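What follows is a set of notes on a single structure, which appears directly below.
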Amino acid sequence: MIETLNTATTNAEAVSVSITINGQVHQVTVPAHRLLVDFLRDDLRLTGTKAGCETGQCGACTILLDGVAVKSCTVLAAQADGAAVTTIEGLSVDGSLTKVQTALWEEHGVQCGYCTPAMVLAMTDLLTTNPSPDEHAIRVTMDGIICRCGVYQNVVRAVQTLI
Amino acid sequence: MATPVLGSAIKRREDPEFLRGESKYTADITLPDTTYVAILHSPHPHARIKSIDTSAAQAMPGVVQVFTGADLAGKMMPMVCIWKPAGVESHFGPHPYGLPGSQTALATDKVRYVGEWVAAVVAETREQAYAALPAVKVDYEVLPSVSRAEDALKPGAPQLHDTVPGNLCAHVAYGDKAATDKAISDAEAKVHLDITIPRQLHQALETRATMAQYDPGSGEYTLYTNTQIPHGNKFMICNLVMGIPYNKLRVIVPAIGGAYGSKGYLYQDAPLMLFLAKEVGRPVKWVDTREGLSVTTVHSRGQQQHATLAGKKDGTITALSVTNNVDLGAYSASNGPGAPLVLTGRSVTGAYAIPLPYYEANLVFANTVSLGPARGAGRMEAMFLIERLIDAFAREIGMSPADVRRKNMVKPEQFPYENGLGWTYDTGNYVPALDRALEMAGAGKIDQLKKDAKARGKRLGVGIGSYVCVAGVGPSPRMGREGLIGSTWASAVVRVHQTGDVTVVTGSQPHGQGQTTTFSQIISQELGVPMEKIEIRHSDTDGVPFGQGSYGSRTYSVEGAVIYQAAQVIKAKALAVGAYMLKAAESDVVYEDGKVSLKKDPAQSKTLQDIASWVWFAWDLPPGMEPGLEATEYFNPSDFNFPFGSHVAVVEIDEETGAVDVVKYVCVDDVGNVGNSRIVEGQMHGSVAFGFGPALMEQVVYDDAGYLLTRDLTTYPVPRASQMPTFEMERTVTPTPINGLGAKGAGDVSNPAVAPAIVNAVCDALSDLGVRHIDIPVTPEKVWQLMQR
């Protein structure tokens, strides 16, 4: 099934795009300036993707764009035309947890949960491209995401259990 | 039960929802027909508002209505300060209404800091609300301004409030000044340090957010907001700011994306959004931006300390005198004045028995954001001061910093120990934690490591941070005497249903602490009920009739303790009913593993579910017994509790760049008994990371006039994963008698050790250059400059 949606307001230049989000094709018309994060959160109500800083610093809005972890506040919805987006909602099936999610659970890699979807997606991307990262590689990958609760150490531990 | 549930490292029950991204934070929730609010901030540190013209903004697309301070006049009281310092010379009035230094939700005649709220635009979409902000025209007359406490105290400094001459909000003094001064002047050795602790921003990843709804039919308000203190917010909104009936406001707290003390206040948004919802007749939603957070959410720390430590050449410390000038900001935040006075002032003796301590502080208004506590509040500043002085004193008399600490630490036989500034330390065993930390850090091999580092172009240093951290807030009578207009007891309802399922209602407010897991562990352990049959209710003032929230390292050692207490009441009734059902005397039965059984014949038993069902049907109860198996308990602790510990940092400084790399970080902490060892360890990770930032990179920067230069995460860096080493952690266990669990607080606890340990290590690495002190943050530039001497 193809979802169609028109979120353009009268004053903004509208762009028609086709984005596959969590396996579903969305044919949409969006304002040219709409950020992907706002499109996901406000228009599609996929609120698992978080917003945190407006300047591309905090990483809470991390999603997978064609399998690669990117900050969705640094991408326009229009730029995602033709791409496949995976958000946290599209990662696990039927409420089950992926290996990365399970490892983060086992190793207490979650505190307030606000950076958690981003951590899950970034670590998923890391293990796809580098199945046996060392601690430095894990930490450098995490550098794109701020966790103010301090889960970094346990995320390292969690990823190491998957190697 | 074979393995004790309580204390073990069970994985968190909360997590699957977070991991799947299903948890709803305030910004994730939208009510039907919601309108969106954008706030116009003051661009000036100090200015008179001559006029505001909203007509152009009003005509912008999608704008529903524009509001200014004039629209609130007579309809809303100013914001309140609920922690007025007690027993001090101050300009605070007798009642929270209209305190000098109180702030209206939207500014009226003057603005006093960059970011102060001036107007609110309500529009159909968030985008339209923000688009209309530049169209609100404000005519300002810019006034002279001042951004630092010590500048604001100078004669002729710009005046913030007509009623507060000299900008001095309050002055406090603890201890005997004359005796302390004499001991210092008579001392064989003394050291003096002038220390500036910059302001820190909490930088919770989730900004503040509020949504409000008003039902004209019932006259009821509903507030969705990310506060650490829902009942406190409700009290302040209803009774002190808006004057609406207490039973007409429901506060719902969705998931909170971090707080660290920054969400423990009543801010302007809560009453304002309720007011706007009623005015526009639709729900209103406001989600702050990162820049908005930087310019309006409380900042923390911000002290200018002048301190002298004196003693004998054998290392015995005899006296400590501290003068502290604190930048309180332009207004008093809800509980802002309390931390630098009480939490810093009474804590400056740290882990040491100092015969004559004296502390005085000036709380000073300046053209900056209001000040409030952050993780480690007050204690971080106090420990930085005393731990830096101890190292400087050790160097002065030629003794090792570890030996000076060992010689002066409060000894086990001295507990309970009165520290001379108002704290009574409950229990402790300080030296073993220090010795273990030094051993883990490999302190014996440091000289060799220094040589090896030198060969690599690095300067290596080792530093200790020992601490005591007042926790478990707290004893209500004591907090009342300290000037808090509020209560700090804990409450819980534990209800065993006829099915054997258990519901716990807690007044604690989770924001990452994993309390659902830990509180379930208490019930599982005490009542012998499987974790999955236990439900923990919180975060909604309709479902939770009372509660004090989460802050001040109180979740487990105060709110957990009352759940433990309620479980004992349940057990007592279950025992009585079980004995009756088994036709035995109470003395002949025992409650174990979720059932009451005959001591002599354990096969004869009644499960908690049998008993709960029996009392629910209530067909045959012991004479005089009421139906139901439920307990409502309060716990008003007799005092605070005092966790402690020692951390050791090993740093390497790059001789070419001045960059400081913390290559090893060791913690030995003692928080008494714990509910979940893994969760406590996670709290320590966060608490230490929250100390790494200010030690190495974080600081709020205002220019002299009060323009804020650090307004986002590009100008205000916080620690990233690769900037910290793996923390090596151990715990010693010294229980407290203050609560039934023997538990001490944990959330704030490790934090105060971090900055002193790191700076002591940096000063050690630079000691041959005669460097006695460096203010935080220890940036590469500062260190490089010192190395050029």
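Residues in the structure tokens are named by chain (A, B, ... in the order shown) and by number from 1 within that chain; ligands are numbered from 1 in the order shown.
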Contacts between chain A and chain B, please, where a residue of chain B counts if it comes within 8 Å (with only C-alpha atoms); show its shortest atom pair and distance in Å to one decimal, rows by chain and ascending number, as a Markdown table.
```
| residue | atom | partner | partner_atom | distance |
| --- | --- | --- | --- | --- |
| B:Lys11 | CA | A:Glu106 | CA | 6.0 |
| B:Arg12 | CA | A:Trp105 | CA | 7.3 |
| B:Asp15 | CA | A:Trp105 | CA | 6.3 |
| B:Pro16 | CA | A:Trp105 | CA | 7.3 |
| B:Phe18 | CA | A:Gly113 | CA | 5.3 |
| B:Leu19 | CA | A:Gln101 | CA | 6.0 |
| B:Arg20 | CA | A:Ile88 | CA | 6.2 |
| B:Gly21 | CA | A:Gly48 | CA | 4.3 |
| B:Glu22 | CA | A:Gly48 | CA | 6.1 |
| B:Ser23 | CA | A:Gly48 | CA | 7.6 |
| B:Lys24 | CA | A:Thr47 | CA | 7.8 |
| B:Asp28 | CA | A:Thr47 | CA | 5.7 |
| B:Gln203 | CA | A:Arg148 | CA | 7.4 |
| B:Ala204 | CA | A:Arg148 | CA | 6.4 |
| B:Leu205 | CA | A:Gly52 | CA | 5.6 |
| B:Glu206 | CA | A:Gly52 | CA | 5.8 |
| B:Thr207 | CA | A:Gly52 | CA | 6.9 |
| B:Ala255 | CA | A:Cys112 | CA | 7.9 |
| B:Ile256 | CA | A:Cys112 | CA | 6.7 |
| B:Gly257 | CA | A:Tyr114 | CA | 4.9 |
| B:Gly258 | CA | A:Cys112 | CA | 5.7 |
| B:Thr289 | CA | A:Cys53 | CA | 6.8 |
| B:Arg290 | CA | A:Cys53 | CA | 4.9 |
| B:Glu291 | CA | A:Cys53 | CA | 8.0 |
| B:His511 | CA | A:Cys112 | CA | 5.6 |
| B:Gly512 | CA | A:Cys112 | CA | 3.6 |
| B:Gln513 | CA | A:Gln111 | CA | 6.5 |
| B:Gly514 | CA | A:Gln111 | CA | 7.1 |
| B:Arg678 | CA | A:His108 | CA | 7.2 |
| B:Ile679 | CA | A:His108 | CA | 7.4 |
| B:Gly682 | CA | A:Val151 | CA | 6.9 |
| B:Gln683 | CA | A:Cys149 | CA | 7.7 |
| B:His685 | CA | A:Gly150 | CA | 5.4 |
| B:Gly686 | CA | A:Gly150 | CA | 3.9 |
| B:Ser687 | CA | A:Gly150 | CA | 7.5 |
| B:Ala689 | CA | A:Gly150 | CA | 5.9 |
| B:Phe690 | CA | A:Arg148 | CA | 7.3 |
| B:Asp712 | CA | A:Cys53 | CA | 7.4 |
| B:Leu713 | CA | A:Gln57 | CA | 6.2 |
| B:Thr714 | CA | A:Gln57 | CA | 6.8 |
| B:Val718 | CA | A:Ile146 | CA | 7.8 |
| B:Pro719 | CA | A:Ile146 | CA | 7.7 |
| B:Arg720 | CA | A:Asp143 | CA | 5.2 |
| B:Ala721 | CA | A:Arg139 | CA | 5.1 |
| B:Ser722 | CA | A:Arg139 | CA | 4.9 |
| B:Thr726 | CA | A:Gln153 | CA | 6.3 |
| B:Phe727 | CA | A:Gln153 | CA | 7.8 |
```
Quick check for you: according to DSSP on this backbone, which residues of stretch 7-148 of chain A are classed as strand (DSSP E or B)? Reply as a PDB file with C-alpha atoms, in the first residue's frame.
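Generated file (part-v3.pdb):
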```
ATOM      1  CA  ALA A  14       6.055  22.257  -2.178  1.00  0.00           C
ATOM      2  CA  VAL A  15       8.019  19.260  -3.372  1.00  0.00           C
ATOM      3  CA  SER A  16       6.682  15.852  -4.294  1.00  0.00           C
ATOM      4  CA  VAL A  17       8.772  13.002  -3.024  1.00  0.00           C
ATOM      5  CA  SER A  18       8.623   9.269  -2.627  1.00  0.00           C
ATOM      6  CA  ILE A  19      10.252   7.892   0.525  1.00  0.00           C
ATOM      7  CA  THR A  20      10.215   4.341   1.775  1.00  0.00           C
ATOM      8  CA  ILE A  21       9.837   4.505   5.524  1.00  0.00           C
ATOM      9  CA  GLN A  24       6.264   1.405   3.365  1.00  0.00           C
ATOM     10  CA  VAL A  25       6.359   3.740   0.355  1.00  0.00           C
ATOM     11  CA  HIS A  26       5.105   7.261   1.099  1.00  0.00           C
ATOM     12  CA  GLN A  27       4.208   9.478  -1.890  1.00  0.00           C
ATOM     13  CA  VAL A  28       4.116  12.892  -0.285  1.00  0.00           C
ATOM     14  CA  THR A  29       4.112  16.575  -1.002  1.00  0.00           C
ATOM     15  CA  VAL A  30       6.141  18.478   1.569  1.00  0.00           C
ATOM     16  CA  PRO A  31       7.350  22.046   1.979  1.00  0.00           C
ATOM     17  CA  LEU A  35      13.466  18.738   7.883  1.00  0.00           C
ATOM     18  CA  THR A  62      19.573   9.619  14.285  1.00  0.00           C
ATOM     19  CA  ILE A  63      17.844   7.356  11.728  1.00  0.00           C
ATOM     20  CA  LEU A  64      19.087   4.964   9.066  1.00  0.00           C
ATOM     21  CA  LEU A  65      19.057   6.451   5.580  1.00  0.00           C
ATOM     22  CA  VAL A  68      23.520   4.447   7.116  1.00  0.00           C
ATOM     23  CA  ALA A  69      23.096   6.279  10.439  1.00  0.00           C
ATOM     24  CA  VAL A  70      22.448   9.984   9.811  1.00  0.00           C
ATOM     25  CA  LYS A  71      21.034  12.835  11.872  1.00  0.00           C
ATOM     26  CA  LEU A  76      15.543  17.774   4.289  1.00  0.00           C
ATOM     27  CA  ALA A  84      14.770   4.054   2.326  1.00  0.00           C
ATOM     28  CA  VAL A  85      14.470   5.329   5.876  1.00  0.00           C
ATOM     29  CA  THR A  86      14.493   3.085   8.922  1.00  0.00           C
TER      30      THR A  86
END
```
Exercise for review: With a distance cut-off of 7 Å and only C-alpha atoms, select the neighbouring residues of B:Pro725, excluding the residue or stretch itself and same-chain residues fewer than 3 positions from it, and output the selection as a VMD selection string.
Suggested key: chain B and resid 662 to 665
Take the residues just selected and output them with all heavy atoms as a compact mmCIF listing (two decimals), in the first residue's frame.
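That gives us again.txt:
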```
# COMPACT_ATOMS: atom_id res chain seq x y z
N VAL B 662 42.42 12.25 30.45
CA VAL B 662 42.29 11.46 31.68
C VAL B 662 42.45 10.00 31.27
O VAL B 662 41.56 9.42 30.65
CB VAL B 662 40.93 11.71 32.36
CG1 VAL B 662 40.83 10.89 33.65
CG2 VAL B 662 40.75 13.19 32.66
N VAL B 663 43.60 9.43 31.59
CA VAL B 663 43.90 8.08 31.08
C VAL B 663 43.39 7.00 32.01
O VAL B 663 43.24 5.85 31.61
CB VAL B 663 45.42 7.90 30.82
CG1 VAL B 663 45.87 8.82 29.70
CG2 VAL B 663 46.25 8.15 32.08
N LYS B 664 43.16 7.35 33.26
CA LYS B 664 42.63 6.37 34.21
C LYS B 664 41.73 7.10 35.18
O LYS B 664 42.06 8.19 35.66
CB LYS B 664 43.80 5.71 34.95
CG LYS B 664 43.46 4.40 35.64
CD LYS B 664 44.75 3.75 36.16
CE LYS B 664 44.52 2.35 36.69
NZ LYS B 664 44.11 1.36 35.68
N TYR B 665 40.59 6.49 35.46
CA TYR B 665 39.70 7.12 36.44
C TYR B 665 39.11 6.03 37.33
O TYR B 665 38.41 5.13 36.87
CB TYR B 665 38.59 7.93 35.77
CG TYR B 665 37.98 8.89 36.77
CD1 TYR B 665 38.55 10.13 36.98
CD2 TYR B 665 36.91 8.49 37.57
CE1 TYR B 665 38.05 10.98 37.96
CE2 TYR B 665 36.41 9.33 38.54
CZ TYR B 665 36.99 10.58 38.73
OH TYR B 665 36.51 11.41 39.70
```
Review point. Please, which residues of chain A, numbered as in this document, come out helix (DSSP H, G or I) from DSSP, as a PyMOL selection string?
Key: chain A and resi 36-43+77-80+88-90+99-106+116-129+135-142+152-160
Exercise for review: Do a neighbour search on stretch 58-64 of chain B at 8 Å with only C-alpha atoms, toss out local chain neighbours closer than 3 positions, and write the hits as an NGL selection string.
Suggested key: :B and (54-55 or 121-125 or 128-129 or 132 or 280)
Expected file contents, prior selection, C-alpha atoms, as a PDB file, in the first residue's frame:
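Output contents, as saved in part16.pdb:
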```pdb
ATOM      1  CA  THR B  54       1.640  42.913  18.640  1.00  0.00           C
ATOM      2  CA  SER B  55      -0.628  44.005  15.795  1.00  0.00           C
ATOM      3  CA  VAL B 121       2.462  33.729  20.232  1.00  0.00           C
ATOM      4  CA  VAL B 122      -0.253  31.086  19.948  1.00  0.00           C
ATOM      5  CA  ALA B 123      -0.712  29.726  16.416  1.00  0.00           C
ATOM      6  CA  GLU B 124      -2.159  26.808  14.496  1.00  0.00           C
ATOM      7  CA  THR B 125       1.260  25.241  13.900  1.00  0.00           C
ATOM      8  CA  GLN B 128       3.563  29.600  12.196  1.00  0.00           C
ATOM      9  CA  ALA B 129       4.081  30.501  15.854  1.00  0.00           C
ATOM     10  CA  ALA B 132       5.325  35.393  13.834  1.00  0.00           C
ATOM     11  CA  VAL B 280      -7.824  30.528  23.603  1.00  0.00           C
TER      12      VAL B 280
END
```
Check your understanding: In terms of the shortest atom-to-atom distance over only C-alpha atoms, which of B:Phe640, B:Tyr551, B:Trp423, B:Phe365 is closest to B:Ala157?
Key -> B:Phe365
Practice item. Write out as number ranges by chain each polymer residue whose atoms come within 10 Å of B:Pro737, counting only C-alpha atoms; drop sequence neighbours fewer than 6 positions from it. Key: B: 426-427, 638-639, 641, 672, 743-744
Just to be explicit: take each residue in the selection above, keep N, CA and C atoms, and write the result as a short mmCIF file (atom, residue, chain, number, x, y, z; two decimals), in the first residue's frame.
```cif
data_model
loop_
_atom_site.label_atom_id
_atom_site.label_comp_id
_atom_site.auth_asym_id
_atom_site.auth_seq_id
_atom_site.Cartn_x
_atom_site.Cartn_y
_atom_site.Cartn_z
N ASP B 426 26.20 10.50 59.41
CA ASP B 426 25.62 9.31 60.06
C ASP B 426 26.64 8.21 60.30
N THR B 427 27.20 7.69 59.23
CA THR B 427 28.17 6.60 59.35
C THR B 427 29.24 6.79 58.28
N SER B 638 14.64 11.02 59.94
CA SER B 638 15.10 11.81 61.09
C SER B 638 16.26 12.73 60.70
N ASP B 639 16.95 12.38 59.62
CA ASP B 639 18.06 13.23 59.19
C ASP B 639 18.41 12.85 57.74
N ASN B 641 21.27 11.40 54.91
CA ASN B 641 22.32 10.40 55.00
C ASN B 641 23.55 10.92 54.25
N GLY B 672 26.04 2.83 51.12
CA GLY B 672 25.33 1.91 52.01
C GLY B 672 24.79 0.73 51.22
N ALA B 743 20.10 2.23 53.33
CA ALA B 743 20.58 2.77 52.05
C ALA B 743 20.89 4.25 52.16
N LYS B 744 21.91 4.66 51.43
CA LYS B 744 22.20 6.09 51.28
C LYS B 744 21.89 6.50 49.85
#
```
Check your understanding: Residues at most 10 Å from B:Gly500, counting only C-alpha atoms, excluding those fewer than 5 positions away in the same chain, as a PyMOL selection string?
Key -> chain B and resi 495+529+533-534+594+607-613
Please produce a file of the residues just selected, as an mmCIF file, in the first residue's frame, where the atoms kept are N, CA and C atoms.
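Generated output (selection.cif):
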```cif
data_model
loop_
_atom_site.group_PDB
_atom_site.id
_atom_site.type_symbol
_atom_site.label_atom_id
_atom_site.label_comp_id
_atom_site.auth_asym_id
_atom_site.auth_seq_id
_atom_site.Cartn_x
_atom_site.Cartn_y
_atom_site.Cartn_z
ATOM 1 N N ARG B 495 -0.694 -2.043 47.625
ATOM 2 C CA ARG B 495 -2.012 -2.688 47.598
ATOM 3 C C ARG B 495 -1.844 -4.092 47.013
ATOM 4 N N VAL B 529 6.838 -11.883 46.093
ATOM 5 C CA VAL B 529 5.989 -11.846 44.903
ATOM 6 C C VAL B 529 6.893 -11.739 43.674
ATOM 7 N N LYS B 533 4.449 -9.617 38.720
ATOM 8 C CA LYS B 533 3.129 -9.396 39.311
ATOM 9 C C LYS B 533 3.037 -8.038 40.021
ATOM 10 N N ILE B 534 4.117 -7.256 39.913
ATOM 11 C CA ILE B 534 4.173 -5.965 40.622
ATOM 12 C C ILE B 534 4.079 -4.815 39.623
ATOM 13 N N GLY B 594 6.676 -15.455 50.237
ATOM 14 C CA GLY B 594 5.338 -15.183 49.723
ATOM 15 C C GLY B 594 4.250 -16.029 50.331
ATOM 16 N N THR B 607 -0.736 -18.903 50.736
ATOM 17 C CA THR B 607 0.039 -17.960 49.924
ATOM 18 C C THR B 607 -0.511 -16.550 50.121
ATOM 19 N N LEU B 608 0.298 -15.558 49.712
ATOM 20 C CA LEU B 608 -0.165 -14.170 49.815
ATOM 21 C C LEU B 608 -1.456 -13.999 49.014
ATOM 22 N N GLN B 609 -1.543 -14.717 47.884
ATOM 23 C CA GLN B 609 -2.767 -14.617 47.078
ATOM 24 C C GLN B 609 -3.968 -15.203 47.824
ATOM 25 N N ASP B 610 -3.774 -16.353 48.494
ATOM 26 C CA ASP B 610 -4.859 -16.924 49.311
ATOM 27 C C ASP B 610 -5.337 -15.887 50.326
ATOM 28 N N ILE B 611 -4.352 -15.254 50.966
ATOM 29 C CA ILE B 611 -4.666 -14.322 52.057
ATOM 30 C C ILE B 611 -5.343 -13.071 51.504
ATOM 31 N N ALA B 612 -4.804 -12.557 50.394
ATOM 32 C CA ALA B 612 -5.376 -11.341 49.793
ATOM 33 C C ALA B 612 -6.806 -11.597 49.333
ATOM 34 N N SER B 613 -7.015 -12.763 48.789
ATOM 35 C CA SER B 613 -8.350 -13.124 48.328
ATOM 36 C C SER B 613 -9.296 -13.241 49.531
#
```
Exercise for review: Excluding stretch 179-190 of chain B and any residue of its chain fewer than 3 positions from it, enumerate the residues within 9 Å of it, using only C-alpha atoms, and give them as a ChimeraX atom specification.
Suggested key: /B:175-176,308-313,318-321,355-358,393,396-397
Go ahead and write the selection's residues with all heavy atoms as a short mmCIF file (atom, residue, chain, number, x, y, z; two decimals), in the first residue's frame.
```
data_model
loop_
_atom_site.label_atom_id
_atom_site.label_comp_id
_atom_site.auth_asym_id
_atom_site.auth_seq_id
_atom_site.Cartn_x
_atom_site.Cartn_y
_atom_site.Cartn_z
N GLY B 175 29.21 29.11 61.63
CA GLY B 175 30.48 28.90 62.34
C GLY B 175 30.87 30.12 63.15
O GLY B 175 30.17 31.13 63.18
N ASP B 176 32.03 30.01 63.81
CA ASP B 176 32.51 31.05 64.73
C ASP B 176 33.65 31.80 64.04
O ASP B 176 34.78 31.32 63.98
CB ASP B 176 32.99 30.37 66.03
CG ASP B 176 33.45 31.38 67.07
OD1 ASP B 176 33.80 32.53 66.70
OD2 ASP B 176 33.47 31.02 68.27
N THR B 308 40.69 29.89 53.07
CA THR B 308 41.97 29.67 53.73
C THR B 308 41.88 28.42 54.60
O THR B 308 40.92 28.26 55.35
CB THR B 308 42.33 30.88 54.63
OG1 THR B 308 42.33 32.07 53.83
CG2 THR B 308 43.70 30.70 55.27
N LEU B 309 42.89 27.58 54.46
CA LEU B 309 42.97 26.37 55.27
C LEU B 309 44.26 26.46 56.10
O LEU B 309 45.31 26.79 55.56
CB LEU B 309 43.02 25.13 54.38
CG LEU B 309 42.95 23.76 55.06
CD1 LEU B 309 41.54 23.51 55.62
CD2 LEU B 309 43.31 22.64 54.09
N ALA B 310 44.13 26.18 57.40
CA ALA B 310 45.29 26.33 58.28
C ALA B 310 45.49 25.08 59.11
O ALA B 310 44.55 24.32 59.36
CB ALA B 310 45.07 27.54 59.20
N GLY B 311 46.73 24.87 59.54
CA GLY B 311 47.01 23.70 60.37
C GLY B 311 48.43 23.67 60.86
O GLY B 311 49.15 24.69 60.81
N LYS B 312 48.81 22.48 61.32
CA LYS B 312 50.17 22.30 61.85
C LYS B 312 51.07 21.68 60.79
O LYS B 312 50.58 21.08 59.84
CB LYS B 312 50.12 21.37 63.07
CG LYS B 312 49.26 21.91 64.20
CD LYS B 312 49.24 20.90 65.36
CE LYS B 312 48.26 21.34 66.43
NZ LYS B 312 48.02 20.29 67.42
N LYS B 313 52.37 21.78 61.04
CA LYS B 313 53.31 21.24 60.06
C LYS B 313 53.30 19.71 60.04
O LYS B 313 53.80 19.09 59.10
CB LYS B 313 54.71 21.77 60.33
CG LYS B 313 54.82 23.24 59.92
CD LYS B 313 56.20 23.81 60.09
CE LYS B 313 56.23 25.25 59.56
NZ LYS B 313 57.40 25.99 60.05
N THR B 318 43.53 22.64 61.37
CA THR B 318 42.89 23.25 62.55
C THR B 318 41.74 24.18 62.19
O THR B 318 40.83 24.35 63.00
CB THR B 318 43.93 24.05 63.36
OG1 THR B 318 44.59 24.98 62.48
CG2 THR B 318 44.97 23.11 63.97
N ALA B 319 41.77 24.79 61.02
CA ALA B 319 40.73 25.78 60.73
C ALA B 319 40.54 25.96 59.23
O ALA B 319 41.46 25.77 58.44
CB ALA B 319 41.08 27.13 61.37
N LEU B 320 39.31 26.33 58.88
CA LEU B 320 38.95 26.59 57.47
C LEU B 320 38.03 27.81 57.44
O LEU B 320 37.04 27.85 58.17
CB LEU B 320 38.21 25.39 56.88
CG LEU B 320 37.48 25.60 55.55
CD1 LEU B 320 38.47 25.82 54.41
CD2 LEU B 320 36.57 24.41 55.23
N SER B 321 38.36 28.78 56.62
CA SER B 321 37.49 29.96 56.49
C SER B 321 37.17 30.19 55.02
O SER B 321 38.06 30.20 54.18
CB SER B 321 38.19 31.20 57.06
OG SER B 321 37.35 32.32 56.92
N PRO B 355 38.42 21.33 63.36
CA PRO B 355 37.87 21.88 64.61
C PRO B 355 37.15 23.21 64.43
O PRO B 355 36.13 23.45 65.07
CB PRO B 355 39.11 22.04 65.49
CG PRO B 355 40.13 21.10 64.93
CD PRO B 355 39.86 21.02 63.46
N LEU B 356 37.69 24.09 63.59
CA LEU B 356 37.08 25.42 63.46
C LEU B 356 36.79 25.75 61.99
O LEU B 356 37.64 26.30 61.29
CB LEU B 356 38.02 26.49 64.06
CG LEU B 356 38.04 26.54 65.59
CD1 LEU B 356 39.18 27.41 66.08
CD2 LEU B 356 36.71 27.06 66.14
N PRO B 357 35.60 25.43 61.52
CA PRO B 357 35.21 25.84 60.17
C PRO B 357 34.33 27.08 60.21
O PRO B 357 33.52 27.26 61.12
CB PRO B 357 34.42 24.63 59.66
CG PRO B 357 33.82 24.01 60.89
CD PRO B 357 34.63 24.46 62.08
N TYR B 358 34.49 27.93 59.22
CA TYR B 358 33.62 29.12 59.11
C TYR B 358 33.27 29.31 57.64
O TYR B 358 34.13 29.18 56.76
CB TYR B 358 34.33 30.36 59.66
CG TYR B 358 33.54 31.63 59.44
CD1 TYR B 358 32.41 31.90 60.22
CD2 TYR B 358 33.90 32.54 58.44
CE1 TYR B 358 31.66 33.05 60.01
CE2 TYR B 358 33.15 33.69 58.22
CZ TYR B 358 32.03 33.94 59.01
OH TYR B 358 31.29 35.07 58.79
N PHE B 393 47.66 22.56 50.73
CA PHE B 393 48.23 22.50 52.08
C PHE B 393 49.31 21.43 52.16
O PHE B 393 50.38 21.63 52.74
CB PHE B 393 47.11 22.22 53.10
CG PHE B 393 47.56 22.23 54.53
CD1 PHE B 393 47.76 23.43 55.20
CD2 PHE B 393 47.79 21.04 55.21
CE1 PHE B 393 48.18 23.44 56.53
CE2 PHE B 393 48.21 21.04 56.54
CZ PHE B 393 48.40 22.24 57.19
N GLU B 396 52.34 22.69 50.66
CA GLU B 396 52.92 23.74 51.51
C GLU B 396 53.79 23.14 52.62
O GLU B 396 54.86 23.65 52.91
CB GLU B 396 51.77 24.56 52.12
CG GLU B 396 52.17 25.68 53.05
CD GLU B 396 52.76 26.88 52.32
OE1 GLU B 396 52.54 26.98 51.09
OE2 GLU B 396 53.45 27.70 52.97
N ILE B 397 53.30 22.04 53.23
CA ILE B 397 54.07 21.48 54.36
C ILE B 397 54.95 20.30 53.94
O ILE B 397 55.59 19.68 54.78
CB ILE B 397 53.12 21.02 55.51
CG1 ILE B 397 52.17 19.93 55.03
CG2 ILE B 397 52.37 22.22 56.09
CD1 ILE B 397 51.39 19.27 56.15
#
```
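With only C-alpha atoms as the basis for measurement, A:Asp66 is the residue among A:Asp66, A:Asp134, A:Asp125, A:Glu13 that approaches A:Gly82 most closely.
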